[in-house]
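Take a look at the structure set out below.
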Amino acid sequence: MTVDISGGLRIHRITLLCQLQDLGRFGYQGFGVNRSGAMDSYSMRLANILAGNPQGTACLEFALAGAVFEVTCESIRVGFIGDFPLKINGSERLSNASHFLREGDRLEIGASQGGTHGYLAVSGGFAVEPQLGSVATHLRSQLGGFGLPMASGTILPVNQQRALPAAERYFTGEVLRQFNGQIRVIRGPQFDHFTDKGQADFFDQAFAIGRQIDRMGYRLSGHAIEHAGSGNIISEPVLPGCIQVPADGMPIVLMADCGTVGGYPKIATVISVDLGRMAQLAPGTSFIFEEVSVAEARAFLQREAALLSQLANGVSGS
Amino acid sequence: MPAERFTLQAVGDSALLVGFDNEISEAIHDQVLTLAQSLDEEPIEGAREIVSGYRTVLVHFDPLVIDFESLGEALHARTGGESRPRPTGRHWQVPALYGGVAAYDLDRIAHDKGLTVEDVIRIHSGSTYRVYMVGFAPGWTFLGGLDPRLFTPRLETPRQEVPAGCISIGGQQTLVGGPSMPSGWNLIGQTPERLFAPERESAFLLAAGDRVSFRVIEQEEFDRLAEQSEDGNCVTRELPWS
């Protein structure tokens, strides 16, 4: 497909914390390739629904910091999800909403005011070639993204140079998930590598998001979890959501960019519908882990998928 | 296939871990490879990706397509079936510069073991290794078969960054690295080969089950091969599988 690359979003201001992400790179984890993908895939899906895209279309992910863009194509519909203030041509506009923009319009995304990750979808998606089956950015392995400097002046190309004017749509309330202080988990494969006390503490004591957080993992602060053994296992494949406990007893929740294998015992795994919720928590936020079964976790995911497809069909929520 | 004992464990709601006996051995790894190959060749619907380790196979699945119990039953049926030959891999001869700028720990290992640097190089390059696992970061290849004289514990504090292609020792294992990453292993050398080159037709070279030998090279050849490798050429030779 040939694409007119003159049209899209011209960057006026940006940080390295803005990256192109999709639902992740599957099929190469056995060669050590990190899965990557959106930290909060539910929010990314919502942004795409607002822009009228298939849910898995790649979006710009913002971590804490925002950016400023100018529209250089004829017209475009954008969807934004996140606790970030939005301005269009200097006027405050709704976040968690779709907006119709014309050439020359200036879109300003401010710094996070709560949740740490925001998602910007553009109608038709960005025009980029997948690498190893995905456009998800992974800086260390130089995979994904636009292959362009993410710097002032660069135009991020989009597939459709023209969008139909449409009524603005927005999401509120339940659809945006209120955080209730709990993160639900399933017992991990090495749950019995911890003492009775360690296991009980894991569920009874509150943890807080630590200061060392990035796309690879969130280090937690709180009560140290007591190991029954050495704190090491033969390295084995891991995935985002796994909660590793190194010898010091302080859990680390593996996130989107985590390595494909790990050698620390895993006490639990965050369930799919709560991993994005966890990704939104700022350092210092405290919470408790609540145990659920595999079947319950699957039912939550089915419910979420059903809600998303209702929203995509315009049935509810806005 | 002999009657195998294995465990099935949930890793969250979207992955199932098959665990064989808890040890590092060629026999256990053969079971891992056999199961992984079977799942690659005849996929179970809903299984998205199969990742093998030393003694484990992680099956990533889509919970909207298959549930944990059904996947477990399918895996049981799979491992109880007819016998399969252990998959054969490829034998690679990877060029290795021992010492050099990347080998921060070579002198210390030689000194601690009462060996000369030349001894360490001779012993390390004299073994044929098995690839147990590729993981951590793209192309990072974990090898078994290290001579016990070279067993060396990992560093207490990992280095923030080690060079691409590092050859290092961690405990009873040795590895050859892909792109530059943090690492707590003891560095003894470096290969000019890029084990992960996304723009190359074969982005990856080594796979679990392959064999690796090292061919000792000097700085001059390293520089020449590194240039070829940067240009997108593979500088590793393939040897016959015997």
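We name chains A, B, ... following the order of the structure tokens; residues begin at 1 in each chain, and ligands are numbered from 1 as shown.
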
For region 246-259 of chain A, find every residue with an atom within 6 Å (counting only C-alpha atoms), except residues of its own chain fewer than 4 positions away, and show them as a CSV table (one decimal) with N, CA and C atoms, in the first residue's frame.
chain,number,residue,atom,x,y,z
A,34,ASN,N,10.7,-9.6,23.4
A,34,ASN,CA,9.7,-9.1,24.4
A,34,ASN,C,8.3,-8.9,23.7
A,36,SER,N,6.0,-6.7,24.6
A,36,SER,CA,5.7,-5.3,24.5
A,36,SER,C,4.2,-5.1,24.4
A,39,MET,N,0.4,-0.9,27.8
A,39,MET,CA,0.5,-1.2,29.2
A,39,MET,C,-1.0,-1.4,29.7
A,215,ARG,N,8.2,0.3,31.9
A,215,ARG,CA,7.4,-0.6,31.1
A,215,ARG,C,7.8,-2.1,31.4
A,216,MET,N,9.0,-2.3,32.0
A,216,MET,CA,9.4,-3.7,32.3
A,216,MET,C,8.8,-4.2,33.5
A,217,GLY,N,8.6,-3.4,34.5
A,217,GLY,CA,8.0,-3.9,35.8
A,217,GLY,C,7.8,-2.8,36.8
A,218,TYR,N,6.8,-3.2,37.7
A,218,TYR,CA,6.5,-2.3,38.8
A,218,TYR,C,7.0,-2.9,40.1
A,219,ARG,N,8.0,-2.3,40.7
A,219,ARG,CA,8.5,-2.8,42.0
A,219,ARG,C,7.5,-2.3,43.1
A,220,LEU,N,7.1,-3.2,44.0
A,220,LEU,CA,6.2,-2.8,45.1
A,220,LEU,C,6.9,-2.5,46.4
A,224,ALA,N,7.9,-7.4,53.4
A,224,ALA,CA,8.7,-8.4,52.6
A,224,ALA,C,8.0,-9.7,52.8
A,225,ILE,N,8.0,-10.5,51.7
A,225,ILE,CA,7.4,-11.8,51.6
A,225,ILE,C,8.4,-12.8,51.9
A,231,GLY,N,14.9,-18.7,47.0
A,231,GLY,CA,14.6,-17.5,46.3
A,231,GLY,C,15.0,-17.6,44.8
A,240,PRO,N,3.8,-10.9,31.1
A,240,PRO,CA,3.3,-9.7,31.9
A,240,PRO,C,2.2,-10.1,32.8
A,241,GLY,N,2.3,-9.6,34.0
A,241,GLY,CA,1.3,-10.0,35.1
A,241,GLY,C,1.9,-10.9,36.1
A,242,CYS,N,3.0,-11.6,35.8
A,242,CYS,CA,3.7,-12.4,36.8
A,242,CYS,C,4.2,-11.6,37.9
A,264,TYR,N,13.2,-16.0,39.3
A,264,TYR,CA,12.7,-15.8,40.7
A,264,TYR,C,11.4,-16.5,40.8
B,136,PHE,N,15.1,-13.9,27.7
B,136,PHE,CA,15.5,-12.7,28.4
B,136,PHE,C,15.4,-11.5,27.5
B,137,ALA,N,16.2,-11.5,26.4
B,137,ALA,CA,16.1,-10.5,25.4
B,137,ALA,C,16.4,-11.1,24.1

Worksheet item: chain A residues within 9 Å of chain B, counting only C-alpha atoms: which ones, as a ChimeraX atom specification?
Response: /A:26-34,131-132,140-143,185-189,234-239,241-242,258-262,268-272,293-295,297-298,301-302,305

Worksheet entry | Shortest interatomic distance to Gln37 (chain B) - which of B:Thr79, B:Asp107, B:Ala74, B:Ile188, counting only C-alpha atoms | B:Thr79

Practice prompt. Within 9 Å of region 75-92 of chain A, counting only C-alpha atoms, which residues show up once you throw out same-chain ones fewer than 2 positions away? Write them as a VMD selection string, please.
Written response: chain A and resid 8 43 to 44 46 to 52 62 64 to 66 71 to 73 94 to 103 105 to 124 160 to 166 169 to 171 176

Keeping C-alpha atoms for every residue in the selection just given, could you write it to a file as a PDB file, in the first residue's frame?
ATOM      1  CA  GLY A   8      -0.823  12.912   9.634  1.00  0.00           C
ATOM      2  CA  SER A  43      -7.877   1.795  27.492  1.00  0.00           C
ATOM      3  CA  MET A  44      -6.208   1.348  24.111  1.00  0.00           C
ATOM      4  CA  LEU A  46     -11.579   2.147  24.107  1.00  0.00           C
ATOM      5  CA  ALA A  47      -9.546   4.814  22.292  1.00  0.00           C
ATOM      6  CA  ASN A  48      -9.861   2.806  19.069  1.00  0.00           C
ATOM      7  CA  ILE A  49     -13.603   2.410  19.508  1.00  0.00           C
ATOM      8  CA  LEU A  50     -13.870   6.208  19.815  1.00  0.00           C
ATOM      9  CA  ALA A  51     -11.853   6.658  16.617  1.00  0.00           C
ATOM     10  CA  GLY A  52     -13.969   4.062  14.809  1.00  0.00           C
ATOM     11  CA  PHE A  62       1.577   8.384  26.715  1.00  0.00           C
ATOM     12  CA  LEU A  64       2.855  10.597  32.480  1.00  0.00           C
ATOM     13  CA  ALA A  65       3.872  13.225  29.921  1.00  0.00           C
ATOM     14  CA  GLY A  66       1.764  14.505  27.052  1.00  0.00           C
ATOM     15  CA  VAL A  71      -3.000  17.935  11.954  1.00  0.00           C
ATOM     16  CA  THR A  72      -1.455  17.917   8.451  1.00  0.00           C
ATOM     17  CA  CYS A  73      -4.056  15.843   6.615  1.00  0.00           C
ATOM     18  CA  LEU A  94     -13.131  16.375  27.005  1.00  0.00           C
ATOM     19  CA  SER A  95     -10.642  13.560  27.492  1.00  0.00           C
ATOM     20  CA  ASN A  96     -12.079  10.053  27.097  1.00  0.00           C
ATOM     21  CA  ALA A  97     -13.837  11.297  23.994  1.00  0.00           C
ATOM     22  CA  SER A  98     -13.637  11.414  20.215  1.00  0.00           C
ATOM     23  CA  HIS A  99     -12.912  14.662  18.367  1.00  0.00           C
ATOM     24  CA  PHE A 100     -13.116  15.640  14.706  1.00  0.00           C
ATOM     25  CA  LEU A 101     -10.054  17.646  13.601  1.00  0.00           C
ATOM     26  CA  ARG A 102      -9.197  19.501  10.396  1.00  0.00           C
ATOM     27  CA  GLU A 103      -5.896  20.378   8.780  1.00  0.00           C
ATOM     28  CA  ASP A 105      -5.811  22.083  14.120  1.00  0.00           C
ATOM     29  CA  ARG A 106      -3.547  21.884  17.145  1.00  0.00           C
ATOM     30  CA  LEU A 107      -4.047  18.997  19.585  1.00  0.00           C
ATOM     31  CA  GLU A 108      -2.435  19.448  22.992  1.00  0.00           C
ATOM     32  CA  ILE A 109      -2.229  16.617  25.511  1.00  0.00           C
ATOM     33  CA  GLY A 110      -1.155  17.797  28.970  1.00  0.00           C
ATOM     34  CA  ALA A 111       0.619  15.873  31.738  1.00  0.00           C
ATOM     35  CA  SER A 112      -1.180  13.074  33.575  1.00  0.00           C
ATOM     36  CA  GLN A 113      -3.554  14.153  36.338  1.00  0.00           C
ATOM     37  CA  GLY A 114      -3.965  10.714  37.881  1.00  0.00           C
ATOM     38  CA  GLY A 115      -3.825   7.520  35.854  1.00  0.00           C
ATOM     39  CA  THR A 116      -0.342   7.202  34.384  1.00  0.00           C
ATOM     40  CA  HIS A 117      -1.121   6.020  30.832  1.00  0.00           C
ATOM     41  CA  GLY A 118      -3.101   7.645  28.028  1.00  0.00           C
ATOM     42  CA  TYR A 119      -3.927   6.430  24.501  1.00  0.00           C
ATOM     43  CA  LEU A 120      -4.464   8.388  21.303  1.00  0.00           C
ATOM     44  CA  ALA A 121      -6.112   6.596  18.368  1.00  0.00           C
ATOM     45  CA  VAL A 122      -6.492   8.138  14.900  1.00  0.00           C
ATOM     46  CA  SER A 123      -9.157   7.092  12.408  1.00  0.00           C
ATOM     47  CA  GLY A 124      -7.724   4.510  10.035  1.00  0.00           C
ATOM     48  CA  GLN A 160      -6.690   7.802   5.956  1.00  0.00           C
ATOM     49  CA  GLN A 161      -6.192  11.393   4.945  1.00  0.00           C
ATOM     50  CA  ARG A 162      -9.852  12.279   5.358  1.00  0.00           C
ATOM     51  CA  ALA A 163     -12.488  11.495   7.962  1.00  0.00           C
ATOM     52  CA  LEU A 164     -16.217  12.081   7.898  1.00  0.00           C
ATOM     53  CA  PRO A 165     -17.455  14.679  10.384  1.00  0.00           C
ATOM     54  CA  ALA A 166     -19.122  12.801  13.209  1.00  0.00           C
ATOM     55  CA  ARG A 169     -18.669  10.540  21.577  1.00  0.00           C
ATOM     56  CA  TYR A 170     -17.420  10.150  25.134  1.00  0.00           C
ATOM     57  CA  PHE A 171     -17.129   7.546  27.860  1.00  0.00           C
ATOM     58  CA  LEU A 176     -13.742   3.971  32.598  1.00  0.00           C
TER      59      LEU A 176
END

Practice prompt. Please identify which residues in region 75-225 of chain B DSSP calls helix (DSSP H, G or I) from the backbone, and express them as number ranges by chain.
Written response: B: 75-79, 106-113, 117-125, 148-150, 219-225

Item to complete: Fewer than 5 positions away in the same chain doesn't count, so skip those; otherwise give me all residues within 10 Å of Gly284 (chain A), counting only C-alpha atoms, as a list in words.
Response: Phe207, Ala208, Ile209, Gly210, Arg211, Leu220 and Ser221 of chain A

Those residues you just picked out, can you put them in a file as an mmCIF file, in the first residue's frame with C-alpha atoms?
data_model
loop_
_atom_site.group_PDB
_atom_site.id
_atom_site.type_symbol
_atom_site.label_atom_id
_atom_site.label_comp_id
_atom_site.auth_asym_id
_atom_site.auth_seq_id
_atom_site.Cartn_x
_atom_site.Cartn_y
_atom_site.Cartn_z
ATOM 1 C CA PHE A 207 1.337 -2.951 49.104
ATOM 2 C CA ALA A 208 2.123 0.324 47.404
ATOM 3 C CA ILE A 209 3.478 1.007 43.955
ATOM 4 C CA GLY A 210 7.169 1.763 44.476
ATOM 5 C CA ARG A 211 9.246 4.477 42.909
ATOM 6 C CA LEU A 220 6.191 -2.780 45.060
ATOM 7 C CA SER A 221 6.875 -1.510 48.547
#

Discussion item. For Gly126 (chain B), find every residue with an atom within 12 Å (counting only C-alpha atoms), except residues of its own chain fewer than 6 positions away, and show them as a list in words.
Written reply: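 Counting only the stated atoms, we get Gln93, Glu118, Asp119, Val120, Gly145, Leu146, Asp147, Val212, Ser213, Phe214, Arg215 and Val216 of chain B.
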